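Undergrad: Sending over coords-v4.csv (CSV, C-alpha atoms).
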```
chain,number,residue,atom,x,y,z
A,275,MET,CA,0.0,0.0,0.0
A,276,ARG,CA,1.4,3.4,-1.0
A,277,SER,CA,1.0,6.6,0.9
A,278,TYR,CA,-0.8,9.6,-0.7
A,279,GLY,CA,-0.1,13.2,-0.3
A,280,SER,CA,1.9,15.0,2.4
A,281,LYS,CA,-0.2,13.5,5.2
A,282,GLY,CA,0.6,10.0,4.2
A,283,LEU,CA,-3.0,8.9,3.8
A,284,ALA,CA,-3.3,5.3,2.7
A,285,LYS,CA,-5.3,4.8,-0.5
A,286,PRO,CA,-6.7,1.6,-1.9
A,287,TRP,CA,-4.9,2.0,-5.2
A,288,ARG,CA,-5.1,-1.6,-6.2
A,289,ILE,CA,-8.9,-1.7,-6.3
A,290,GLY,CA,-10.0,-2.5,-9.8
A,291,SER,CA,-6.5,-1.9,-11.2
A,292,ASP,CA,-4.6,-5.2,-10.9
A,293,MET,CA,-5.7,-8.7,-9.9
A,294,ALA,CA,-8.4,-9.0,-7.2
A,295,ASP,CA,-9.5,-12.1,-5.4
A,296,ASN,CA,-12.9,-12.4,-3.8
A,297,SER,CA,-14.6,-10.2,-6.5
A,298,ALA,CA,-17.8,-8.4,-5.6
A,299,ILE,CA,-19.2,-9.4,-9.0
A,300,GLU,CA,-21.7,-12.2,-8.2
A,301,TRP,CA,-21.0,-14.4,-11.2
A,302,THR,CA,-17.2,-14.6,-10.9
A,303,GLU,CA,-14.6,-15.1,-8.1
A,304,ALA,CA,-11.7,-12.9,-9.2
A,305,THR,CA,-10.6,-10.3,-11.7
A,306,TRP,CA,-7.5,-9.9,-13.8
A,307,ASN,CA,-6.6,-6.8,-15.8
A,308,PRO,CA,-3.8,-7.1,-18.3
A,309,VAL,CA,-5.4,-4.2,-20.0
A,310,THR,CA,-7.2,-1.2,-18.5
A,311,GLY,CA,-9.2,1.6,-20.1
A,312,CYS,CA,-11.8,1.6,-22.9
A,313,HIS,CA,-14.1,3.8,-25.0
A,314,GLN,CA,-17.9,3.8,-25.1
A,315,VAL,CA,-19.5,2.0,-28.0
A,316,SER,CA,-23.2,1.6,-27.1
A,317,PRO,CA,-25.9,2.8,-24.6
A,318,GLY,CA,-24.8,0.2,-22.0
A,319,CYS,CA,-21.6,2.1,-21.6
A,320,ALA,CA,-23.2,5.4,-20.6
A,321,HIS,CA,-22.7,5.0,-16.9
A,322,CYS,CA,-19.7,2.7,-16.9
A,323,TYR,CA,-18.6,1.8,-13.3
A,324,ALA,CA,-15.0,1.2,-14.5
A,325,LYS,CA,-14.7,4.6,-16.2
A,326,THR,CA,-16.1,6.3,-13.2
A,327,PHE,CA,-13.6,4.6,-10.9
A,328,ALA,CA,-10.6,5.2,-13.2
A,329,GLU,CA,-11.3,8.9,-13.8
A,330,ARG,CA,-11.3,9.6,-10.1
A,331,TRP,CA,-7.5,9.1,-10.2
A,332,ARG,CA,-6.6,10.9,-13.3
A,333,GLY,CA,-3.6,13.1,-12.8
A,334,VAL,CA,-2.4,11.3,-9.6
A,335,PRO,CA,1.3,10.6,-10.2
A,336,GLY,CA,2.2,6.9,-9.9
A,337,HIS,CA,-1.4,5.7,-9.7
A,338,PRO,CA,-2.4,2.9,-12.1
A,339,TYR,CA,-5.1,5.3,-13.4
A,340,GLU,CA,-2.9,8.4,-13.6
A,341,HIS,CA,-4.1,8.6,-17.2
A,342,GLY,CA,-7.7,7.9,-16.2
A,343,PHE,CA,-9.6,5.5,-18.4
A,344,ASP,CA,-7.2,5.8,-21.4
A,345,LEU,CA,-6.4,2.5,-22.9
A,346,GLN,CA,-3.2,0.9,-21.4
A,347,MET,CA,-1.6,-2.5,-21.6
A,348,TRP,CA,0.2,-3.9,-18.6
A,349,PRO,CA,2.6,-6.7,-19.9
A,350,HIS,CA,4.0,-7.3,-16.4
A,351,ARG,CA,0.5,-8.5,-15.3
A,352,LEU,CA,0.2,-11.1,-18.0
A,353,GLU,CA,1.4,-14.1,-15.9
A,354,GLN,CA,-0.4,-13.2,-12.7
A,355,PRO,CA,-3.0,-16.0,-13.0
A,356,LEU,CA,-0.1,-18.5,-12.9
A,357,LYS,CA,0.7,-17.4,-9.4
A,358,TRP,CA,-2.7,-18.5,-8.0
A,359,SER,CA,-2.7,-22.2,-7.2
A,360,ARG,CA,-6.3,-22.5,-6.1
A,361,PRO,CA,-8.7,-22.8,-9.1
A,362,ARG,CA,-10.9,-19.7,-9.6
A,363,MET,CA,-13.3,-18.3,-12.0
A,364,ILE,CA,-11.6,-15.2,-13.3
A,365,PHE,CA,-13.2,-12.3,-15.1
A,366,VAL,CA,-10.7,-11.1,-17.7
A,367,ASN,CA,-10.4,-7.3,-18.1
A,368,SER,CA,-13.1,-6.1,-15.7
A,369,MET,CA,-11.7,-2.7,-16.4
A,370,SER,CA,-11.5,-2.9,-20.2
A,371,ASP,CA,-12.5,-4.9,-23.2
A,372,LEU,CA,-10.0,-7.5,-24.5
A,373,PHE,CA,-11.2,-7.0,-28.1
A,374,HIS,CA,-10.8,-3.2,-28.1
A,375,GLU,CA,-9.6,-2.0,-31.5
A,376,GLY,CA,-6.5,-0.5,-29.9
A,377,ILE,CA,-5.2,-3.7,-28.5
A,378,PRO,CA,-2.8,-5.5,-30.9
A,379,ALA,CA,-3.8,-9.0,-31.9
A,380,ALA,CA,-0.4,-10.2,-30.8
A,381,TYR,CA,-1.1,-9.0,-27.3
A,382,ILE,CA,-4.5,-10.7,-27.2
A,383,GLU,CA,-2.7,-13.9,-28.3
A,384,GLN,CA,-0.4,-13.5,-25.3
A,385,VAL,CA,-3.4,-13.3,-23.0
A,386,PHE,CA,-4.8,-16.5,-24.5
A,387,ASP,CA,-1.5,-18.2,-24.1
A,388,VAL,CA,-1.4,-17.5,-20.4
A,389,MET,CA,-5.0,-18.6,-20.0
A,390,GLY,CA,-4.2,-21.9,-21.7
A,391,ARG,CA,-1.2,-22.5,-19.4
A,392,ALA,CA,-3.3,-21.6,-16.3
A,393,GLU,CA,-5.6,-24.5,-17.1
A,394,HIS,CA,-6.7,-24.9,-13.5
A,395,HIS,CA,-8.6,-21.6,-13.7
A,396,THR,CA,-11.8,-20.8,-15.7
A,397,PHE,CA,-11.5,-17.5,-17.6
A,398,GLN,CA,-14.6,-15.4,-18.5
A,399,ILE,CA,-14.2,-12.8,-21.2
A,400,LEU,CA,-16.9,-10.3,-22.0
A,401,THR,CA,-17.0,-8.0,-25.0
A,402,LYS,CA,-19.2,-5.4,-26.8
A,403,ARG,CA,-16.9,-5.6,-29.8
A,404,HIS,CA,-18.4,-8.5,-31.6
A,405,GLU,CA,-16.9,-7.7,-35.0
A,406,ARG,CA,-13.3,-7.6,-33.7
A,407,LEU,CA,-14.0,-10.8,-31.8
A,408,ALA,CA,-15.1,-12.5,-35.0
A,409,GLU,CA,-12.1,-11.2,-36.9
A,410,ILE,CA,-9.5,-12.4,-34.4
A,411,ALA,CA,-11.2,-15.6,-33.0
A,412,PRO,CA,-9.9,-17.9,-35.8
A,413,SER,CA,-6.3,-17.1,-34.9
A,414,LEU,CA,-6.8,-17.8,-31.2
A,415,THR,CA,-6.6,-21.2,-29.3
A,416,TRP,CA,-9.9,-21.6,-27.5
A,417,HIS,CA,-8.8,-23.8,-24.6
A,418,PRO,CA,-11.7,-25.6,-22.7
A,419,ASN,CA,-11.2,-23.2,-19.7
A,420,ILE,CA,-12.0,-20.1,-21.7
A,421,TRP,CA,-15.5,-18.8,-21.8
A,422,ILE,CA,-16.6,-16.0,-24.1
A,423,GLY,CA,-19.6,-13.6,-23.8
A,424,VAL,CA,-21.1,-10.5,-25.4
A,425,SER,CA,-23.0,-7.7,-23.7
A,426,ILE,CA,-26.5,-7.1,-25.1
A,427,GLU,CA,-28.4,-4.3,-23.4
A,428,ASN,CA,-31.4,-3.7,-25.7
A,429,ARG,CA,-33.0,-5.1,-28.9
A,430,ARG,CA,-30.6,-3.0,-31.1
A,431,PHE,CA,-27.7,-5.3,-30.2
A,432,VAL,CA,-29.2,-8.8,-30.3
A,433,HIS,CA,-27.2,-9.4,-33.4
A,434,ARG,CA,-24.1,-9.7,-31.2
A,435,ALA,CA,-25.3,-13.1,-30.3
A,436,ASP,CA,-25.0,-14.2,-33.9
A,437,TYR,CA,-21.3,-13.4,-33.9
A,438,LEU,CA,-20.9,-15.2,-30.6
A,439,ARG,CA,-22.5,-18.4,-31.9
A,440,GLU,CA,-19.6,-18.7,-34.4
A,441,ILE,CA,-16.9,-18.8,-31.7
A,442,ASP,CA,-15.6,-22.3,-31.0
A,443,ALA,CA,-15.6,-21.9,-27.2
A,444,ALA,CA,-16.6,-24.3,-24.4
A,445,VAL,CA,-19.1,-21.8,-23.0
A,446,ARG,CA,-20.8,-18.9,-24.8
A,447,PHE,CA,-22.7,-16.5,-22.6
A,448,ILE,CA,-24.7,-13.2,-22.8
A,449,SER,CA,-24.6,-10.4,-20.3
A,450,ALA,CA,-27.9,-8.5,-20.4
A,451,GLU,CA,-26.7,-6.0,-18.0
A,452,PRO,CA,-27.5,-3.2,-17.7
A,453,LEU,CA,-30.8,-4.4,-19.3
A,454,LEU,CA,-32.3,-1.3,-20.9
A,455,GLY,CA,-35.1,-2.8,-22.8
A,456,PRO,CA,-36.7,-6.1,-23.9
A,457,LEU,CA,-34.5,-8.3,-26.0
A,458,ASP,CA,-37.0,-9.0,-28.8
A,459,GLY,CA,-35.4,-11.1,-31.5
A,460,LEU,CA,-32.7,-12.6,-29.4
A,461,GLU,CA,-31.9,-16.1,-30.5
A,462,LEU,CA,-30.6,-18.4,-27.7
A,463,THR,CA,-29.5,-21.3,-29.9
A,464,GLY,CA,-25.9,-22.2,-29.1
A,465,ILE,CA,-25.9,-20.0,-25.9
A,466,ASP,CA,-25.0,-21.7,-22.6
A,467,TRP,CA,-25.6,-19.0,-20.1
A,468,LEU,CA,-27.4,-15.7,-19.7
A,469,ILE,CA,-26.7,-13.1,-17.0
A,470,ALA,CA,-29.3,-10.4,-16.5
A,471,GLY,CA,-29.5,-7.4,-14.3
A,472,GLY,CA,-30.4,-3.7,-13.8
A,473,GLU,CA,-28.2,-0.7,-13.7
A,474,SER,CA,-26.8,0.9,-10.6
A,475,GLY,CA,-25.8,4.4,-9.7
A,476,ALA,CA,-27.2,7.8,-9.2
A,477,LYS,CA,-28.3,8.0,-12.9
A,478,HIS,CA,-29.4,4.4,-13.2
A,479,ARG,CA,-32.0,3.5,-15.8
A,480,PRO,CA,-34.6,1.3,-14.1
A,481,VAL,CA,-35.1,-2.3,-15.4
A,482,ARG,CA,-38.7,-3.6,-15.8
A,483,PRO,CA,-39.6,-7.0,-14.3
A,484,GLU,CA,-41.3,-8.1,-17.5
A,485,TRP,CA,-38.0,-7.9,-19.4
A,486,LEU,CA,-36.3,-10.1,-16.8
A,487,ARG,CA,-39.1,-12.6,-16.6
A,488,ASP,CA,-39.1,-12.9,-20.4
A,489,LEU,CA,-35.4,-13.8,-20.5
A,490,ARG,CA,-35.8,-16.2,-17.6
A,491,ASP,CA,-38.7,-18.0,-19.2
A,492,ARG,CA,-37.0,-18.3,-22.5
A,493,CYS,CA,-33.8,-19.6,-20.8
A,494,ILE,CA,-35.9,-22.3,-19.0
A,495,GLU,CA,-37.6,-23.2,-22.2
A,496,GLU,CA,-34.4,-23.5,-24.1
A,497,ASP,CA,-32.3,-25.1,-21.3
A,498,VAL,CA,-30.0,-22.1,-20.9
A,499,ALA,CA,-28.6,-21.4,-17.5
A,500,TYR,CA,-30.0,-18.1,-16.1
A,501,PHE,CA,-28.3,-15.8,-13.6
A,502,PHE,CA,-30.1,-12.8,-12.2
A,503,LYS,CA,-27.4,-10.5,-10.8
A,504,GLN,CA,-29.3,-7.5,-9.4
A,505,TRP,CA,-32.3,-5.1,-9.7
A,506,GLY,CA,-29.9,-2.2,-9.4
A,507,GLY,CA,-30.7,1.3,-8.1
A,508,HIS,CA,-28.8,4.1,-6.5
A,509,ARG,CA,-26.6,1.5,-4.7
A,510,PRO,CA,-25.5,-1.8,-6.5
A,511,LYS,CA,-27.1,-4.1,-3.8
A,512,SER,CA,-30.0,-1.9,-2.8
A,513,GLY,CA,-32.6,-3.6,-4.9
A,514,GLY,CA,-31.7,-7.1,-3.9
A,515,ARG,CA,-31.3,-10.2,-6.2
A,516,GLU,CA,-34.6,-12.0,-5.9
A,517,LEU,CA,-36.9,-12.4,-8.9
A,518,ASP,CA,-40.4,-13.8,-8.1
A,519,GLY,CA,-39.4,-15.0,-4.7
A,520,ARG,CA,-36.1,-16.8,-5.5
A,521,THR,CA,-32.5,-16.2,-6.3
A,522,TRP,CA,-31.3,-17.3,-9.8
A,523,ASN,CA,-27.7,-18.4,-9.6
A,524,GLU,CA,-27.5,-20.9,-12.4
A,525,LEU,CA,-24.2,-21.7,-14.0
A,526,PRO,CA,-23.5,-23.3,-17.4
A,527,ALA,CA,-23.6,-27.0,-17.6
A,528,ALA,CA,-19.9,-27.2,-18.5
A,529,HIS,CA,-18.9,-25.6,-15.1
A,530,VAL,CA,-21.4,-27.8,-13.1
A,531,MET,CA,-19.9,-30.9,-14.7
A,532,VAL,CA,-16.3,-29.9,-13.8
A,533,ALA,CA,-17.3,-29.0,-10.3
A,534,ALA,CA,-19.0,-32.3,-9.8
```
Could you express the structure from this file as C-alpha cells?
TA:
Amino acid sequence: MRSYGSKGLAKPWRIGSDMADNSAIEWTEATWNPVTGCHQVSPGCAHCYAKTFAERWRGVPGHPYEHGFDLQMWPHRLEQPLKWSRPRMIFVNSMSDLFHEGIPAAYIEQVFDVMGRAEHHTFQILTKRHERLAEIAPSLTWHPNIWIGVSIENRRFVHRADYLREIDAAVRFISAEPLLGPLDGLELTGIDWLIAGGESGAKHRPVRPEWLRDLRDRCIEEDVAYFFKQWGGHRPKSGGRELDGRTWNELPAAHVMVAA
C-alpha cells in the first residue's frame, strides 16, 4: 500500500486496477486486468462503473489510473494467474474490453497463451466488440477453460449473439446488464448462459420486471442457465437479487460438470 499526499494517507490504489481475489461481481470469483481503459460503444456504456472509478484518479502521479480511463496495456501483469494455485473463475479485463480495437492481436494472443497455461482456472471474457472478436477468433486457441460472452443491453444489439455463436468456445454467454429494454429477436441457440441485471448508480435507468421474466422464461424453455445479478438502483445491492421469490444463480452445464 502506498501513501498519498503530504499527510501519508493510505489509498486503496489496487482496487480494480490489478488482480483482485474475492470479487464483488456475483458471477465470478476474481478479476485480472492485463489491459485497462476503454471507450464507449453503445448505450450500456453510458454509466460505466470502470470509467467512473478510473477517472477519479486521473492526474495522480504513480497511480495505475494516472491517465484515467485511457487504454493501457500492462505486460507485467500477464502471468499473474499462474501465481494463483487454487482454481478460480476469473473475469478477464473487468476494467476494459479485451477486443478493443486499440489492443494489438499479438497482445491478445499472449493473454490467450497465459489462459491456456493456467488450465486450473476458468476465464470469463466479456466484450461489446463482436466484430473484432469474430475477426480475431480464428487465430486464437480456445482452450476448454476459456468462456466468451457478449453484452446485449437492448434489442438494437441482439445481433451480437449471432457473432458469438460462431466462436468455438466451451461456453458462450450473454450479459444482459444493464438491461435497458426487452431483447426482442434474441436467439438463444448455441448459448449456454445468460446473465441479466439492472443498472446501478445515481443516474441508473430502471429495469422492468417483465424484461427479466421474459429472459428467464426463455432460458428455462431452451435449457440455458439463467443468472439474475441485481435489480440495481442508487446502490448496487439496494434492490436485492430475488426475482419472483427466488435467487437465480444458475451456471452453465460445463462448469457444473467440472465442479462435480
Undergrad: Using all atoms listed in the file, can you tell me which of A:Glu451, A:Asp518, A:Asp458, A:Asp442 comes closest to Arg492 of chain A?
TA: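 That would be A:Asp458, the residue with the smallest distance to Arg492 of chain A.
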Undergrad: Neighbours of Pro308 of chain A within 6 Å (all atoms listed in the file; same-chain residues fewer than 5 positions away dropped), as a PyMOL selection string?
TA: chain A and resi 348+351-352
Undergrad: So that I can check the surroundings of segment 323-325 of chain A, please list as an mmCIF file with C-alpha atoms, in the frame of the given file every protein, DNA and RNA residue that reaches within 8 Å of it, counting only C-alpha atoms and ignoring chain neighbours fewer than 5 positions away.
TA:
```
data_model
loop_
_atom_site.group_PDB
_atom_site.id
_atom_site.type_symbol
_atom_site.label_atom_id
_atom_site.label_comp_id
_atom_site.auth_asym_id
_atom_site.auth_seq_id
_atom_site.Cartn_x
_atom_site.Cartn_y
_atom_site.Cartn_z
ATOM 1 C CA GLY A 290 -10.000 -2.500 -9.800
ATOM 2 C CA GLY A 311 -9.200 1.600 -20.100
ATOM 3 C CA CYS A 312 -11.800 1.600 -22.900
ATOM 4 C CA GLY A 342 -7.700 7.900 -16.200
ATOM 5 C CA PHE A 343 -9.600 5.500 -18.400
ATOM 6 C CA SER A 368 -13.100 -6.100 -15.700
ATOM 7 C CA MET A 369 -11.700 -2.700 -16.400
ATOM 8 C CA SER A 370 -11.500 -2.900 -20.200
#
```
Undergrad: Show me, as a tab-separated table, the residues of segment 300-331 of chain A having an atom within 9 Å of segment 379-402 of chain A, each with the closest atom pair and its distance in Å, using all atoms listed in the file.
TA:
```
residue	atom	partner	partner_atom	distance
A:Thr302	CA	A:Gln398	CA	8.1
A:Pro308	CA	A:Val385	CA	7.8
A:Val315	CA	A:Lys402	CA	7.5
A:Ser316	CA	A:Lys402	CA	8.1
```
Undergrad: Taking all atoms listed in the file into account, name the residue in A:Pro378, A:Pro418, A:Pro452, A:Pro483 that is nearest to Leu345 of chain A.
TA: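 Residue with the minimum atom-to-atom distance to Leu345 of chain A: A:Pro378.
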Undergrad: List as a PDB file with C-alpha atoms, keeping the file's coordinate frame the residues having at least one atom at most 7 Å from position (-31.4, -11.7, -8.5) as given in the file, counting only C-alpha atoms.
TA:
```pdb
ATOM      1  CA  PHE A 502     -30.100 -12.800 -12.200  1.00  0.00           C
ATOM      2  CA  LYS A 503     -27.400 -10.500 -10.800  1.00  0.00           C
ATOM      3  CA  GLN A 504     -29.300  -7.500  -9.400  1.00  0.00           C
ATOM      4  CA  TRP A 505     -32.300  -5.100  -9.700  1.00  0.00           C
ATOM      5  CA  GLY A 514     -31.700  -7.100  -3.900  1.00  0.00           C
ATOM      6  CA  ARG A 515     -31.300 -10.200  -6.200  1.00  0.00           C
ATOM      7  CA  GLU A 516     -34.600 -12.000  -5.900  1.00  0.00           C
ATOM      8  CA  LEU A 517     -36.900 -12.400  -8.900  1.00  0.00           C
ATOM      9  CA  THR A 521     -32.500 -16.200  -6.300  1.00  0.00           C
ATOM     10  CA  TRP A 522     -31.300 -17.300  -9.800  1.00  0.00           C
TER      11      TRP A 522
END
```
Undergrad: Mind giving me the straight-line distance from atom CA of Arg406 of chain A to atom CA of Glu303 of chain A in Å, one decimal?
TA: 26.7 Å
Undergrad: For a test of reading the model, state the distance in Å between atom CA of Leu457 of chain A and atom CA of Ala528 of chain A, rounded to one decimal.
TA: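 Calculated distance between atom CA of Leu457 of chain A and atom CA of Ala528 of chain A is 25.0 Å.
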Undergrad: One number please: atom CA of Pro526 of chain A to atom CA of Met293 of chain A, in Å, one decimal.
TA: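 Here the two named atoms are 24.2 Å from each other.
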Undergrad: Between A:Asp344, A:Glu329, A:Glu405, A:Glu427, which is the closest to Arg479 of chain A once you count only C-alpha atoms?
TA: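 Once distances to Arg479 of chain A are computed over only C-alpha atoms, the minimum belongs to A:Glu427.
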Undergrad: Given all atoms listed in the file as the basis, pick out the residue of A:Leu454, A:Ala298, A:Tyr500, A:Leu525 nearest to Ala320 of chain A.
TA: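 Checking each candidate against Ala320 of chain A, we get A:Leu454 as the closest.
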Undergrad: Rebuild segment 467-491 of chain A so that it carries N, CA and C atoms, then output the result as a PDB file, in the coordinates of the input.
TA:
```pdb
ATOM      1  N   TRP A 467     -25.357 -19.702 -21.323  1.00  0.00           N
ATOM      2  CA  TRP A 467     -25.600 -19.000 -20.100  1.00  0.00           C
ATOM      3  C   TRP A 467     -26.020 -17.575 -20.366  1.00  0.00           C
ATOM      4  N   LEU A 468     -26.941 -17.055 -19.557  1.00  0.00           N
ATOM      5  CA  LEU A 468     -27.400 -15.700 -19.700  1.00  0.00           C
ATOM      6  C   LEU A 468     -27.426 -15.009 -18.336  1.00  0.00           C
ATOM      7  N   ILE A 469     -26.724 -13.890 -18.223  1.00  0.00           N
ATOM      8  CA  ILE A 469     -26.700 -13.100 -17.000  1.00  0.00           C
ATOM      9  C   ILE A 469     -27.563 -11.840 -17.254  1.00  0.00           C
ATOM     10  N   ALA A 470     -28.477 -11.543 -16.359  1.00  0.00           N
ATOM     11  CA  ALA A 470     -29.300 -10.400 -16.500  1.00  0.00           C
ATOM     12  C   ALA A 470     -29.280  -9.524 -15.262  1.00  0.00           C
ATOM     13  N   GLY A 471     -29.458  -8.218 -15.438  1.00  0.00           N
ATOM     14  CA  GLY A 471     -29.500  -7.400 -14.300  1.00  0.00           C
ATOM     15  C   GLY A 471     -29.754  -5.910 -14.620  1.00  0.00           C
ATOM     16  N   GLY A 472     -30.138  -5.161 -13.597  1.00  0.00           N
ATOM     17  CA  GLY A 472     -30.400  -3.700 -13.800  1.00  0.00           C
ATOM     18  C   GLY A 472     -29.178  -2.897 -13.549  1.00  0.00           C
ATOM     19  N   GLU A 473     -29.302  -1.625 -13.851  1.00  0.00           N
ATOM     20  CA  GLU A 473     -28.200  -0.700 -13.700  1.00  0.00           C
ATOM     21  C   GLU A 473     -28.157  -0.082 -12.330  1.00  0.00           C
ATOM     22  N   SER A 474     -26.940   0.232 -11.869  1.00  0.00           N
ATOM     23  CA  SER A 474     -26.800   0.900 -10.600  1.00  0.00           C
ATOM     24  C   SER A 474     -26.183   2.268 -10.739  1.00  0.00           C
ATOM     25  N   GLY A 475     -26.332   3.064  -9.692  1.00  0.00           N
ATOM     26  CA  GLY A 475     -25.800   4.400  -9.700  1.00  0.00           C
ATOM     27  C   GLY A 475     -26.804   5.493  -9.642  1.00  0.00           C
ATOM     28  N   ALA A 476     -26.337   6.708  -9.392  1.00  0.00           N
ATOM     29  CA  ALA A 476     -27.200   7.800  -9.200  1.00  0.00           C
ATOM     30  C   ALA A 476     -28.099   8.103 -10.462  1.00  0.00           C
ATOM     31  N   LYS A 477     -27.561   7.791 -11.642  1.00  0.00           N
ATOM     32  CA  LYS A 477     -28.300   8.000 -12.900  1.00  0.00           C
ATOM     33  C   LYS A 477     -28.805   6.747 -13.518  1.00  0.00           C
ATOM     34  N   HIS A 478     -29.015   5.731 -12.685  1.00  0.00           N
ATOM     35  CA  HIS A 478     -29.400   4.400 -13.200  1.00  0.00           C
ATOM     36  C   HIS A 478     -30.732   4.496 -13.973  1.00  0.00           C
ATOM     37  N   ARG A 479     -30.824   3.675 -15.003  1.00  0.00           N
ATOM     38  CA  ARG A 479     -32.000   3.500 -15.800  1.00  0.00           C
ATOM     39  C   ARG A 479     -32.763   2.287 -15.319  1.00  0.00           C
ATOM     40  N   PRO A 480     -33.955   2.407 -14.744  1.00  0.00           N
ATOM     41  CA  PRO A 480     -34.600   1.300 -14.100  1.00  0.00           C
ATOM     42  C   PRO A 480     -34.906   0.131 -15.095  1.00  0.00           C
ATOM     43  N   VAL A 481     -34.795  -1.085 -14.590  1.00  0.00           N
ATOM     44  CA  VAL A 481     -35.100  -2.300 -15.400  1.00  0.00           C
ATOM     45  C   VAL A 481     -36.565  -2.672 -15.048  1.00  0.00           C
ATOM     46  N   ARG A 482     -37.270  -3.194 -16.024  1.00  0.00           N
ATOM     47  CA  ARG A 482     -38.700  -3.600 -15.800  1.00  0.00           C
ATOM     48  C   ARG A 482     -38.721  -5.122 -15.549  1.00  0.00           C
ATOM     49  N   PRO A 483     -39.542  -5.531 -14.590  1.00  0.00           N
ATOM     50  CA  PRO A 483     -39.600  -7.000 -14.300  1.00  0.00           C
ATOM     51  C   PRO A 483     -40.013  -7.823 -15.457  1.00  0.00           C
ATOM     52  N   GLU A 484     -40.858  -7.309 -16.353  1.00  0.00           N
ATOM     53  CA  GLU A 484     -41.300  -8.100 -17.500  1.00  0.00           C
ATOM     54  C   GLU A 484     -40.123  -8.446 -18.430  1.00  0.00           C
ATOM     55  N   TRP A 485     -39.126  -7.570 -18.526  1.00  0.00           N
ATOM     56  CA  TRP A 485     -38.000  -7.900 -19.400  1.00  0.00           C
ATOM     57  C   TRP A 485     -37.166  -9.025 -18.785  1.00  0.00           C
ATOM     58  N   LEU A 486     -37.009  -8.997 -17.468  1.00  0.00           N
ATOM     59  CA  LEU A 486     -36.300 -10.100 -16.800  1.00  0.00           C
ATOM     60  C   LEU A 486     -36.992 -11.385 -16.834  1.00  0.00           C
ATOM     61  N   ARG A 487     -38.305 -11.339 -16.625  1.00  0.00           N
ATOM     62  CA  ARG A 487     -39.100 -12.600 -16.600  1.00  0.00           C
ATOM     63  C   ARG A 487     -39.093 -13.205 -18.035  1.00  0.00           C
ATOM     64  N   ASP A 488     -39.153 -12.371 -19.055  1.00  0.00           N
ATOM     65  CA  ASP A 488     -39.100 -12.900 -20.400  1.00  0.00           C
ATOM     66  C   ASP A 488     -37.846 -13.660 -20.687  1.00  0.00           C
ATOM     67  N   LEU A 489     -36.724 -13.089 -20.292  1.00  0.00           N
ATOM     68  CA  LEU A 489     -35.400 -13.800 -20.500  1.00  0.00           C
ATOM     69  C   LEU A 489     -35.363 -15.047 -19.666  1.00  0.00           C
ATOM     70  N   ARG A 490     -35.813 -14.977 -18.429  1.00  0.00           N
ATOM     71  CA  ARG A 490     -35.800 -16.200 -17.600  1.00  0.00           C
ATOM     72  C   ARG A 490     -36.635 -17.291 -18.186  1.00  0.00           C
ATOM     73  N   ASP A 491     -37.836 -16.959 -18.612  1.00  0.00           N
ATOM     74  CA  ASP A 491     -38.700 -18.000 -19.200  1.00  0.00           C
ATOM     75  C   ASP A 491     -38.170 -18.584 -20.438  1.00  0.00           C
TER      76      ASP A 491
END
```
